[in-house]
$ cat final-v8.csv   # CSV, C-alpha atoms and all ligand atoms
chain,number,residue,atom,x,y,z
A,245,MET,CA,-13.7,70.8,41.5
A,246,THR,CA,-15.1,71.1,45.1
A,247,GLN,CA,-13.1,70.4,48.2
A,248,ARG,CA,-14.8,67.1,48.7
A,249,GLU,CA,-13.9,65.9,45.2
A,250,ARG,CA,-10.2,66.8,45.6
A,251,VAL,CA,-8.0,63.6,45.6
A,252,GLU,CA,-4.7,63.8,47.4
A,253,PRO,CA,-1.8,63.1,45.1
A,254,VAL,CA,0.3,60.0,45.5
A,255,ARG,CA,3.6,61.0,47.2
A,256,VAL,CA,6.4,59.1,45.6
A,257,GLY,CA,9.9,58.5,46.9
A,258,LEU,CA,12.3,57.4,44.1
A,259,VAL,CA,15.3,55.3,45.2
A,260,GLY,CA,18.2,55.0,42.7
A,261,ILE,CA,18.8,57.7,40.1
A,262,GLY,CA,20.4,55.6,37.3
A,263,VAL,CA,19.5,54.7,33.8
A,264,ILE,CA,15.9,53.3,34.3
A,265,ALA,CA,15.0,56.1,36.8
A,266,ALA,CA,14.8,58.5,33.8
A,267,THR,CA,11.9,56.4,32.4
A,268,HIS,CA,10.1,56.3,35.8
A,269,LEU,CA,10.5,60.1,36.1
A,270,THR,CA,9.1,60.7,32.6
A,271,VAL,CA,6.0,58.6,33.2
A,272,LEU,CA,5.5,59.9,36.8
A,273,ALA,CA,5.7,63.5,35.5
A,274,GLU,CA,2.9,62.8,33.1
A,275,ARG,CA,0.6,61.8,35.9
A,276,PRO,CA,-1.4,64.6,37.5
A,277,ASP,CA,-2.1,62.3,40.5
A,278,VAL,CA,1.6,62.1,41.4
A,279,GLU,CA,4.0,64.2,43.4
A,280,LEU,CA,7.7,63.4,43.7
A,281,GLU,CA,8.3,63.7,47.4
A,282,PHE,CA,12.1,62.9,47.5
A,283,THR,CA,14.9,61.1,45.7
A,284,VAL,CA,17.6,58.8,47.2
A,285,ASP,CA,21.0,57.8,45.8
A,286,PRO,CA,24.4,57.5,47.6
A,287,GLY,CA,26.3,58.1,44.3
A,288,PRO,CA,27.4,61.4,42.7
A,289,VAL,CA,24.2,61.9,40.7
A,290,GLU,CA,22.8,65.0,39.0
A,291,PRO,CA,19.9,66.6,41.0
A,292,VAL,CA,16.5,65.5,39.7
A,293,GLU,CA,14.3,68.1,38.2
A,294,PHE,CA,10.6,67.3,38.4
A,295,ARG,CA,8.0,69.7,36.9
A,296,GLY,CA,10.5,72.5,37.3
A,297,GLY,CA,11.3,71.8,40.9
A,298,ARG,CA,13.9,69.9,42.8
A,299,PRO,CA,12.6,67.5,45.4
A,300,PRO,CA,14.8,66.9,48.5
A,301,HIS,CA,17.6,64.4,47.9
A,302,TYR,CA,19.1,61.9,50.4
A,303,GLY,CA,22.1,59.6,50.4
A,304,GLY,CA,20.2,56.7,52.0
A,305,LEU,CA,16.6,55.4,52.2
A,306,GLY,CA,16.6,55.3,56.0
A,307,GLU,CA,17.5,59.0,56.2
A,308,ALA,CA,14.7,59.9,53.7
A,309,LEU,CA,12.2,57.9,55.7
A,310,ASP,CA,13.1,59.8,58.9
A,311,GLY,CA,11.5,62.9,57.4
A,312,HIS,CA,8.9,61.7,54.9
A,313,ARG,CA,5.8,59.4,54.7
A,314,PRO,CA,5.6,58.4,51.0
A,315,ASP,CA,2.6,56.6,49.6
A,316,LEU,CA,4.7,54.8,47.1
A,317,LEU,CA,8.4,53.9,47.0
A,318,VAL,CA,10.0,53.1,43.7
A,319,LEU,CA,13.2,51.0,44.0
A,320,ALA,CA,15.3,51.5,40.8
A,321,THR,CA,18.7,50.4,42.2
A,322,PRO,CA,21.1,47.6,41.2
A,323,THR,CA,19.5,44.2,41.4
A,324,GLU,CA,21.6,42.9,44.3
A,325,THR,CA,20.4,45.8,46.5
A,326,HIS,CA,16.6,45.2,46.1
A,327,ALA,CA,16.2,42.7,48.9
A,328,GLU,CA,17.8,44.9,51.6
A,329,LEU,CA,16.1,48.1,50.5
A,330,LEU,CA,12.8,46.3,50.3
A,331,THR,CA,13.2,45.1,53.9
A,332,THR,CA,13.9,48.7,55.0
A,333,ALA,CA,11.0,50.0,53.0
A,334,LEU,CA,8.6,47.4,54.4
A,335,LEU,CA,9.6,47.9,58.0
A,336,ARG,CA,10.2,51.6,58.1
A,337,SER,CA,7.3,52.9,56.0
A,338,THR,CA,3.6,52.1,55.2
A,339,ALA,CA,4.1,52.8,51.5
A,340,ARG,CA,3.4,50.5,48.6
A,341,ILE,CA,6.7,49.5,46.9
A,342,LEU,CA,7.3,49.2,43.2
A,343,VAL,CA,10.6,47.3,42.8
A,344,GLU,CA,12.5,47.1,39.6
A,345,LYS,CA,12.8,43.6,38.1
A,346,PRO,CA,14.0,41.2,39.1
A,347,LEU,CA,12.4,41.4,42.5
A,348,VAL,CA,15.4,39.7,44.2
A,349,HIS,CA,18.7,38.2,43.1
A,350,ASP,CA,18.4,34.8,44.9
A,351,ARG,CA,15.9,32.4,46.4
A,352,ALA,CA,17.1,33.0,50.0
A,353,SER,CA,16.1,36.7,49.6
A,354,LEU,CA,12.6,35.6,48.4
A,355,ALA,CA,12.3,33.3,51.4
A,356,ALA,CA,13.3,36.2,53.7
A,357,LEU,CA,10.6,38.4,52.2
A,358,ARG,CA,8.0,35.7,52.6
A,359,ALA,CA,9.0,35.4,56.2
A,360,LEU,CA,8.3,39.1,56.7
A,361,ASP,CA,4.7,38.7,55.5
A,362,GLY,CA,3.4,38.2,59.0
A,363,LYS,CA,5.0,41.5,60.2
A,364,SER,CA,4.3,43.6,57.2
A,365,ASP,CA,1.8,43.2,54.4
A,366,VAL,CA,4.3,41.9,51.8
A,367,ARG,CA,1.7,40.5,49.5
A,368,GLY,CA,-0.4,43.7,49.6
A,369,ARG,CA,2.4,46.2,49.4
A,370,VAL,CA,5.2,44.7,47.1
A,371,PHE,CA,4.9,45.1,43.3
A,372,THR,CA,7.5,44.2,40.7
A,373,ALA,CA,8.1,46.2,37.5
A,374,HIS,CA,7.6,43.3,35.1
A,375,HIS,CA,7.5,45.9,32.4
A,376,PHE,CA,8.0,43.6,29.4
A,377,ALA,CA,4.5,42.1,30.0
A,378,PHE,CA,3.1,45.6,29.2
A,379,SER,CA,4.8,46.1,25.9
A,380,PRO,CA,2.3,46.9,23.1
A,381,GLU,CA,3.3,44.0,20.8
A,382,VAL,CA,3.0,41.6,23.7
A,383,ASP,CA,-0.5,42.9,24.5
A,384,TRP,CA,-1.4,42.7,20.8
A,385,ALA,CA,-0.2,39.1,20.5
A,386,ALA,CA,-1.9,38.0,23.8
A,387,ASP,CA,-5.3,39.4,22.6
A,388,LEU,CA,-4.9,37.8,19.1
A,389,ILE,CA,-4.0,34.4,20.5
A,390,ALA,CA,-6.9,34.6,23.0
A,391,ALA,CA,-9.3,35.3,20.1
A,392,HIS,CA,-8.0,32.2,18.3
A,393,PRO,CA,-8.6,29.0,20.2
A,394,ASP,CA,-8.7,27.3,16.8
A,395,TRP,CA,-4.9,27.8,16.5
A,396,GLY,CA,-4.5,25.2,19.3
A,397,PRO,CA,-1.8,25.3,21.9
A,398,VAL,CA,1.5,27.1,21.7
A,399,THR,CA,4.0,24.3,21.3
A,400,THR,CA,7.3,26.1,21.1
A,401,VAL,CA,8.5,29.6,21.9
A,402,THR,CA,11.9,30.9,20.8
A,403,SER,CA,13.0,34.2,22.3
A,404,ALA,CA,16.4,36.0,21.8
A,405,PHE,CA,17.2,39.1,23.8
A,406,TYR,CA,20.4,41.0,23.1
A,407,ASP,CA,21.8,44.1,24.9
A,408,PRO,CA,25.0,46.0,24.1
A,409,TYR,CA,26.3,45.8,27.7
A,410,VAL,CA,29.6,44.4,26.6
A,411,LEU,CA,30.5,48.1,26.1
A,412,ARG,CA,29.7,48.8,29.8
A,413,GLY,CA,32.2,46.2,31.0
A,414,PRO,CA,32.2,45.3,34.8
A,415,GLU,CA,29.6,48.1,35.4
A,416,ALA,CA,27.0,45.9,33.6
A,417,PHE,CA,27.6,43.0,36.0
A,418,ALA,CA,27.4,45.4,39.0
A,419,SER,CA,24.0,46.7,37.9
A,420,TYR,CA,22.5,43.6,36.3
A,421,VAL,CA,24.5,40.6,37.6
A,422,SER,CA,24.2,38.5,34.3
A,423,SER,CA,22.3,38.4,31.0
A,424,TRP,CA,20.0,35.7,32.5
A,425,THR,CA,19.4,37.7,35.7
A,426,ASP,CA,18.6,40.8,33.6
A,427,SER,CA,16.9,39.5,30.5
A,428,GLY,CA,15.7,36.1,31.7
A,429,VAL,CA,13.2,37.7,34.0
A,430,ASN,CA,11.9,39.9,31.1
A,431,GLN,CA,11.5,36.8,28.9
A,432,LEU,CA,9.7,34.9,31.7
A,433,SER,CA,7.3,37.7,32.6
A,434,MET,CA,6.5,38.2,28.9
A,435,LEU,CA,5.8,34.4,28.6
A,436,THR,CA,3.3,34.5,31.4
A,437,ARG,CA,1.0,36.5,29.0
A,438,PHE,CA,0.8,33.5,26.8
A,439,VAL,CA,1.5,30.2,28.7
A,440,ASP,CA,1.7,28.7,32.2
A,441,LEU,CA,5.3,28.3,33.3
A,442,VAL,CA,6.2,24.9,34.7
A,443,GLY,CA,10.0,24.7,35.3
A,444,VAL,CA,13.5,24.8,33.9
A,445,ARG,CA,14.4,21.9,31.5
A,446,SER,CA,18.0,22.9,30.9
A,447,PHE,CA,20.3,25.8,31.4
A,448,ARG,CA,23.7,26.9,30.2
A,449,GLN,CA,25.6,30.1,31.0
A,450,THR,CA,28.6,31.2,29.0
A,451,ASP,CA,30.9,34.3,28.5
A,452,SER,CA,31.2,34.6,32.4
A,453,GLY,CA,27.5,35.2,32.6
A,454,ALA,CA,27.2,37.7,29.7
A,455,SER,CA,25.3,35.0,27.7
A,456,ALA,CA,22.7,32.4,28.6
A,457,TRP,CA,20.6,29.6,27.1
A,458,CYS,CA,17.6,28.3,29.0
A,459,ALA,CA,14.8,25.9,28.0
A,460,VAL,CA,11.7,26.3,30.1
A,461,ASP,CA,8.7,23.9,30.1
A,462,PHE,CA,5.2,25.3,30.0
A,463,ARG,CA,1.6,24.4,29.5
A,464,SER,CA,-0.7,25.9,26.9
A,465,ARG,CA,-4.3,25.1,26.4
A,466,GLY,CA,-3.8,21.9,28.4
A,467,GLU,CA,-0.7,20.7,26.5
A,468,ALA,CA,3.0,20.7,27.2
A,469,GLY,CA,5.5,22.9,25.3
A,470,THR,CA,9.0,24.3,25.6
A,471,ALA,CA,10.4,27.9,25.5
A,472,ARG,CA,13.9,28.3,24.3
A,473,LEU,CA,15.4,31.5,25.8
A,474,ARG,CA,18.6,33.0,24.5
A,475,SER,CA,20.2,36.2,25.9
A,476,SER,CA,23.5,37.8,25.5
A,477,TRP,CA,25.4,41.1,26.0
A,478,LEU,CA,28.0,40.4,23.3
A,479,THR,CA,26.7,42.9,20.7
A,480,GLY,CA,26.9,46.5,19.9
A,481,SER,CA,23.2,47.0,19.5
A,482,SER,CA,19.9,46.0,21.3
A,483,SER,CA,17.6,43.5,19.6
A,484,LYS,CA,14.8,41.5,21.2
A,485,GLU,CA,12.4,39.1,19.4
A,486,SER,CA,10.2,36.2,20.2
A,487,SER,CA,8.4,33.7,18.1
A,488,LEU,CA,5.4,31.6,19.2
A,489,ALA,CA,4.7,28.4,17.2
A,490,PHE,CA,1.4,26.6,17.2
A,491,GLY,CA,2.6,23.2,15.9
A,492,ARG,CA,-0.9,21.8,15.5
A,493,SER,CA,-2.2,24.5,13.1
A,494,GLY,CA,1.1,25.6,11.6
A,495,VAL,CA,0.5,29.2,12.8
A,496,GLU,CA,3.4,31.3,13.9
A,497,VAL,CA,3.2,34.6,15.8
A,498,TRP,CA,6.4,36.7,15.5
A,499,ILE,CA,6.9,39.7,17.9
A,500,ASP,CA,9.7,42.2,17.7
A,501,HIS,CA,10.1,43.8,21.1
A,502,THR,CA,12.7,46.3,19.9
A,503,ALA,CA,10.4,47.7,17.1
A,504,MET,CA,7.2,46.9,19.1
A,505,THR,CA,5.8,45.2,16.0
A,506,GLY,CA,4.4,41.8,15.2
A,507,PHE,CA,2.7,39.5,12.7
A,508,ALA,CA,1.0,36.2,12.5
A,509,ALA,CA,1.4,33.8,9.5
A,510,ARG,CA,0.5,30.3,8.3
A,511,ASP,CA,2.4,28.9,5.4
A,512,GLY,CA,2.6,31.6,2.8
A,513,GLU,CA,-0.4,33.6,4.2
A,514,LEU,CA,-0.2,36.7,6.4
A,515,LEU,CA,-3.0,36.4,9.1
A,516,ALA,CA,-2.5,39.6,11.1
A,517,ALA,CA,0.0,42.4,11.6
A,518,PHE,CA,0.8,45.0,14.2
A,519,GLY,CA,2.8,48.3,14.2
A,520,ASN,CA,2.9,51.6,16.0
A,521,ASP,CA,3.0,55.3,15.2
A,522,GLY,CA,6.6,55.6,16.2
A,523,ARG,CA,5.9,58.4,18.6
A,524,THR,CA,6.4,56.6,21.9
A,525,GLU,CA,9.8,55.7,23.2
A,526,ARG,CA,10.0,51.9,24.0
A,527,LYS,CA,10.5,52.0,27.7
A,528,VAL,CA,7.8,54.7,28.1
A,529,ALA,CA,5.5,52.4,26.2
A,530,HIS,CA,6.1,49.7,28.8
A,531,TYR,CA,6.0,51.8,32.0
A,532,ARG,CA,3.0,54.0,31.1
A,533,PRO,CA,0.6,51.1,31.2
A,534,LEU,CA,2.5,49.6,34.1
A,535,TYR,CA,1.9,52.7,36.3
A,536,ALA,CA,-1.7,53.0,35.0
A,537,SER,CA,-2.2,49.4,36.3
A,538,LEU,CA,-0.5,50.1,39.6
A,539,PHE,CA,-2.5,53.2,40.3
A,540,SER,CA,-5.8,51.6,39.2
A,541,GLY,CA,-7.9,50.0,41.9
A,542,ARG,CA,-7.0,46.5,40.6
A,543,PRO,CA,-3.3,46.2,39.7
A,544,ASP,CA,-2.5,43.6,37.0
A,545,PRO,CA,-1.6,40.3,38.7
A,546,VAL,CA,1.7,40.2,36.6
A,547,ILE,CA,3.1,42.9,38.9
A,548,GLY,CA,1.8,41.3,42.1
A,549,PHE,CA,3.8,39.3,44.6
A,550,GLU,CA,2.5,35.9,43.6
A,551,ALA,CA,3.6,36.4,40.0
A,552,ALA,CA,7.0,37.5,41.2
A,553,GLU,CA,7.2,34.3,43.4
A,554,ARG,CA,6.3,32.1,40.5
A,555,ILE,CA,8.8,33.8,38.1
A,556,THR,CA,11.5,33.9,40.8
A,557,ALA,CA,11.2,30.2,41.4
A,558,ILE,CA,12.1,29.5,37.8
A,559,HIS,CA,14.4,32.5,37.3
A,560,ARG,CA,16.5,31.8,40.4
A,561,ALA,CA,16.5,28.0,40.0
A,562,VAL,CA,19.8,28.2,38.1
A,563,PRO,CA,23.1,29.3,39.6
A,564,ASP,CA,24.7,32.7,39.0
A,565,PRO,CA,28.1,32.8,37.2
A,566,GLU,CA,31.2,32.2,39.3
B,1,LIG,N1,18.5,50.0,32.4
B,1,LIG,C1,17.4,49.5,32.0
B,1,LIG,O1,17.1,49.6,30.8
B,1,LIG,C2,16.5,48.7,32.9
B,1,LIG,C3,15.2,48.4,32.4
B,1,LIG,C4,14.4,47.8,33.3
B,1,LIG,C5,14.8,47.5,34.6
B,1,LIG,N2,16.0,47.8,35.0
B,1,LIG,C6,16.4,47.4,36.4
B,1,LIG,O2,16.5,48.6,37.2
B,1,LIG,C7,17.5,48.4,38.2
B,1,LIG,C8,18.5,49.5,38.0
B,1,LIG,O3,19.0,49.5,36.7
B,1,LIG,P1,19.7,50.8,36.1
B,1,LIG,O4,20.0,50.4,34.7
B,1,LIG,O5,19.0,52.0,36.4
B,1,LIG,O6,21.1,50.8,37.0
B,1,LIG,P2,22.1,52.0,37.2
B,1,LIG,O7,23.4,51.3,37.7
B,1,LIG,O8,22.2,52.9,36.0
B,1,LIG,O9,21.5,52.8,38.4
B,1,LIG,C9,21.3,52.4,39.7
B,1,LIG,C10,21.4,53.6,40.6
B,1,LIG,O10,21.1,53.2,42.0
B,1,LIG,C11,22.0,53.8,42.9
B,1,LIG,N3,22.2,53.0,44.1
B,1,LIG,C12,23.0,52.0,44.4
B,1,LIG,N4,22.8,51.5,45.6
B,1,LIG,C13,21.8,52.3,46.2
B,1,LIG,C14,21.1,52.4,47.4
B,1,LIG,N5,21.4,51.5,48.4
B,1,LIG,N6,20.2,53.3,47.6
B,1,LIG,C15,19.8,54.2,46.6
B,1,LIG,N7,20.4,54.2,45.4
B,1,LIG,C16,21.4,53.3,45.2
B,1,LIG,C17,23.3,53.9,42.1
B,1,LIG,O11,24.2,54.9,42.6
B,1,LIG,C18,22.8,54.3,40.7
B,1,LIG,O12,22.7,55.7,40.5
B,1,LIG,C19,18.1,47.0,38.0
B,1,LIG,O13,17.5,46.1,38.9
B,1,LIG,C20,17.7,46.7,36.5
B,1,LIG,O14,17.5,45.2,36.4
B,1,LIG,C21,16.9,48.4,34.2
$ encode --input "final-v8.csv" --output "C-alpha cells" --more "lines below"
Ligand SMILES: NC(=O)c1ccc[n+]([C@@H]2O[C@H](COP(=O)([O-])OP(=O)(O)OC[C@H]3O[C@@H](n4cnc5c(N)ncnc54)[C@H](O)[C@@H]3O)[C@@H](O)[C@H]2O)c1
Amino acid sequence: MTQRERVEPVRVGLVGIGVIAATHLTVLAERPDVELEFTVDPGPVEPVEFRGGRPPHYGGLGEALDGHRPDLLVLATPTETHAELLTTALLRSTARILVEKPLVHDRASLAALRALDGKSDVRGRVFTAHHFAFSPEVDWAADLIAAHPDWGPVTTVTSAFYDPYVLRGPEAFASYVSSWTDSGVNQLSMLTRFVDLVGVRSFRQTDSGASAWCAVDFRSRGEAGTARLRSSWLTGSSSKESSLAFGRSGVEVWIDHTAMTGFAARDGELLAAFGNDGRTERKVAHYRPLYASLFSGRPDPVIGFEAAERITAIHRAVPDPE
C-alpha cells in the first residue's frame, strides 16, 4: 500500500466498561480501521486489553478529552447518564458519538439535545445503537416481507421480551431503569424495520417497573395496525420473540430473537424459514452490522438522530415507575 492510499484509523474512546462494553470491544477489535484511543469509567473496573495492549484509562470523560481528540466516542454507560455525557461529548470534542440505546431517559433530555443543535451538529454527530434492528432474523423478515406485497399489510404484531434481571436486583434498575425503558426501545426499533410507528394506544407498568405492557398503533402498506409489546424481568432466562400477522392473507411471520431464527406460515403450510450456523454470538451478530453501517459512508437511518427522535417520542410518552 502506498503512502497516499493509507487511511488513518478511526480513534475510538470507549466510555463505560460494563456488560455491553465487552461486545463493543469484540467488534471494534475485529476492525482493522479502528484504534482504541482510551477508555473511561469511574468505577472499579478491570483494565481493558485491546489487541494485546492497554489503552490509557480515565475516571471521567472530561479528563480524557483534555488529552485526546477521538474520532468516535462510544457511550456505553447507564441509561440515565447518556444525556449528560452526550452534552459533554458534543461540546468538548468534534467526535461522532455512538450512544447506547435508549438515547435518553426522558423527553426533557431530548428537548435539551435538540436545543444544542445550533451550537453543535447534533443531527450529524449523534448515533444511537438501535442494535435490535440489525439482528439477522429481523433483516431476513424485513426482506421477505418487502418481497411479498401480495401478503397485504401487517395487521397485528405481538412481541414478548424477557430478561433474567430479577436476579440482578436493584442494580438492574440502576443500569436499565425499567423493563420498558430497556426492552421497549428494542421492540420499537425492531418494529421500524416493518411498519411506521404512530403512537401509544395504551400502557401498563407492573412489578415496580420490572414488567410492562404497551399497545402501539402503526401503519403498514397504508392501513392501521396495532403492536402489542410485553416485556418483563421476572424470569431466570432470556427469551425474545415477535410475531407479525397479515390478517388479510392469513400469513404469519414468527421471529425468535434469542435463537436468531424465523419462519413464515399460512394455515398448515410453511412458506419460508431462516436459521443460522450457530457460530456468531447474538450481540456480536447485532453490533457487527451496526458498526459496519456506522463506518460506511451512509449510516443506516435507524441509527440516525431522526429515528431516535421518533422512537423516543413514543418510548418516553409513558411515565417511569414511581
Ligand atoms: N447489557 C446489555 O445486554 C445491553 C445491551 C444493549 C444495550 N445496553 C445499554 O448499554 C448501557 C449500559 O448497559 P450495561 O449493561 O453495560 O451497564 P453496566 O451497568 O454493566 O455498565 C455501565 C458502566 O458504566 C460505568 N459508568 C457509570 N457512570 C459513568 C460515567 N459517568 N462515565 C463513564 N462510565 C460510567 C459504570 O461504572 C459501569 O462500569 C445501557 O444504556 C443499556 O441500556 C445494554
$ residues_around --input "final-v8.csv" --residues "Phe462 in chain A" --least-positions-apart "5" --cutoff "7 Å" --atoms "only C-alpha atoms" --output "mmCIF file with C-alpha atoms, in the frame of the given file"
data_model
loop_
_atom_site.group_PDB
_atom_site.id
_atom_site.type_symbol
_atom_site.label_atom_id
_atom_site.label_comp_id
_atom_site.auth_asym_id
_atom_site.auth_seq_id
_atom_site.Cartn_x
_atom_site.Cartn_y
_atom_site.Cartn_z
ATOM 1 C CA VAL A 439 1.500 30.200 28.700
ATOM 2 C CA ASP A 440 1.700 28.700 32.200
ATOM 3 C CA LEU A 441 5.300 28.300 33.300
ATOM 4 C CA VAL A 442 6.200 24.900 34.700
ATOM 5 C CA ALA A 468 3.000 20.700 27.200
ATOM 6 C CA GLY A 469 5.500 22.900 25.300
ATOM 7 C CA THR A 470 9.000 24.300 25.600
#
$ closest_residue --input "final-v8.csv" --among "A:Gly428, A:Gly368, A:Pro314, A:Pro300" --to "ligand LIG 1 (chain B)" --atoms "only C-alpha atoms and all ligand atoms"
A:Gly428
$ closest_atom_pairs --input "final-v8.csv" --of "chain A" --to "ligand LIG 1 (chain B)" --cutoff "6 Å" --atoms "all atoms listed in the file" --output "JSON lines"
{"residue": "A:Val259", "atom": "CA", "partner": "B:LIG1", "partner_atom": "C15", "distance": 4.8}
{"residue": "A:Gly260", "atom": "CA", "partner": "B:LIG1", "partner_atom": "O10", "distance": 3.5}
{"residue": "A:Ile261", "atom": "CA", "partner": "B:LIG1", "partner_atom": "O12", "distance": 4.4}
{"residue": "A:Gly262", "atom": "CA", "partner": "B:LIG1", "partner_atom": "O9", "distance": 3.2}
{"residue": "A:Val263", "atom": "CA", "partner": "B:LIG1", "partner_atom": "O5", "distance": 3.8}
{"residue": "A:Ile264", "atom": "CA", "partner": "B:LIG1", "partner_atom": "O5", "distance": 4.0}
{"residue": "A:Ala265", "atom": "CA", "partner": "B:LIG1", "partner_atom": "O5", "distance": 5.7}
{"residue": "A:Val284", "atom": "CA", "partner": "B:LIG1", "partner_atom": "C15", "distance": 5.1}
{"residue": "A:Asp285", "atom": "CA", "partner": "B:LIG1", "partner_atom": "N7", "distance": 3.7}
{"residue": "A:Pro286", "atom": "CA", "partner": "B:LIG1", "partner_atom": "N7", "distance": 5.6}
{"residue": "A:Gly287", "atom": "CA", "partner": "B:LIG1", "partner_atom": "O11", "distance": 4.2}
{"residue": "A:Gly304", "atom": "CA", "partner": "B:LIG1", "partner_atom": "N6", "distance": 5.6}
{"residue": "A:Ala320", "atom": "CA", "partner": "B:LIG1", "partner_atom": "C7", "distance": 4.6}
{"residue": "A:Thr321", "atom": "CA", "partner": "B:LIG1", "partner_atom": "O10", "distance": 3.7}
{"residue": "A:Pro322", "atom": "CA", "partner": "B:LIG1", "partner_atom": "C19", "distance": 4.4}
{"residue": "A:Thr323", "atom": "CA", "partner": "B:LIG1", "partner_atom": "O13", "distance": 3.7}
{"residue": "A:Glu344", "atom": "CA", "partner": "B:LIG1", "partner_atom": "O2", "distance": 4.9}
{"residue": "A:Lys345", "atom": "CA", "partner": "B:LIG1", "partner_atom": "O14", "distance": 5.2}
{"residue": "A:Pro346", "atom": "CA", "partner": "B:LIG1", "partner_atom": "O14", "distance": 6.0}
{"residue": "A:Ser419", "atom": "CA", "partner": "B:LIG1", "partner_atom": "O7", "distance": 4.6}
{"residue": "A:Tyr420", "atom": "CA", "partner": "B:LIG1", "partner_atom": "O14", "distance": 5.3}
{"residue": "A:Asp426", "atom": "CA", "partner": "B:LIG1", "partner_atom": "O14", "distance": 5.3}
$ closest_residue --input "final-v8.csv" --among "A:Val495, A:Ala517, A:Leu329, A:Leu317" --to "Trp384 in chain A" --atoms "all atoms listed in the file"
A:Ala517
$ closest_residue --input "final-v8.csv" --among "A:Thr331, A:Leu488, A:Phe294, A:Asp500" --to "Val271 in chain A" --atoms "all atoms listed in the file"
A:Phe294
$ closest_residue --input "final-v8.csv" --among "A:Glu252, A:Ile499, A:Tyr535, A:Gly494" --to "Asp394 in chain A" --atoms "all atoms listed in the file"
A:Gly494
$ closest_residue --input "final-v8.csv" --among "A:Arg367, A:Arg351, A:His374, A:Lys484" --to "Asp407 in chain A" --atoms "only C-alpha atoms"
A:Lys484
$ residues_around --input "final-v8.csv" --residues "Glu525 in chain A" --least-positions-apart "5" --cutoff "12 Å" --atoms "all atoms listed in the file" --output "VMD selection string"
chain A and resid 267 270 to 271 379 to 380 502 to 504 520 530 to 532
$ residues_around --input "final-v8.csv" --residues "Gln431 in chain A" --least-positions-apart "3" --cutoff "10 Å" --atoms "only C-alpha atoms" --output "ChimeraX atom specification"
/A:374,376-377,403-405,424,426-428,434-436,471-475,484-486,559
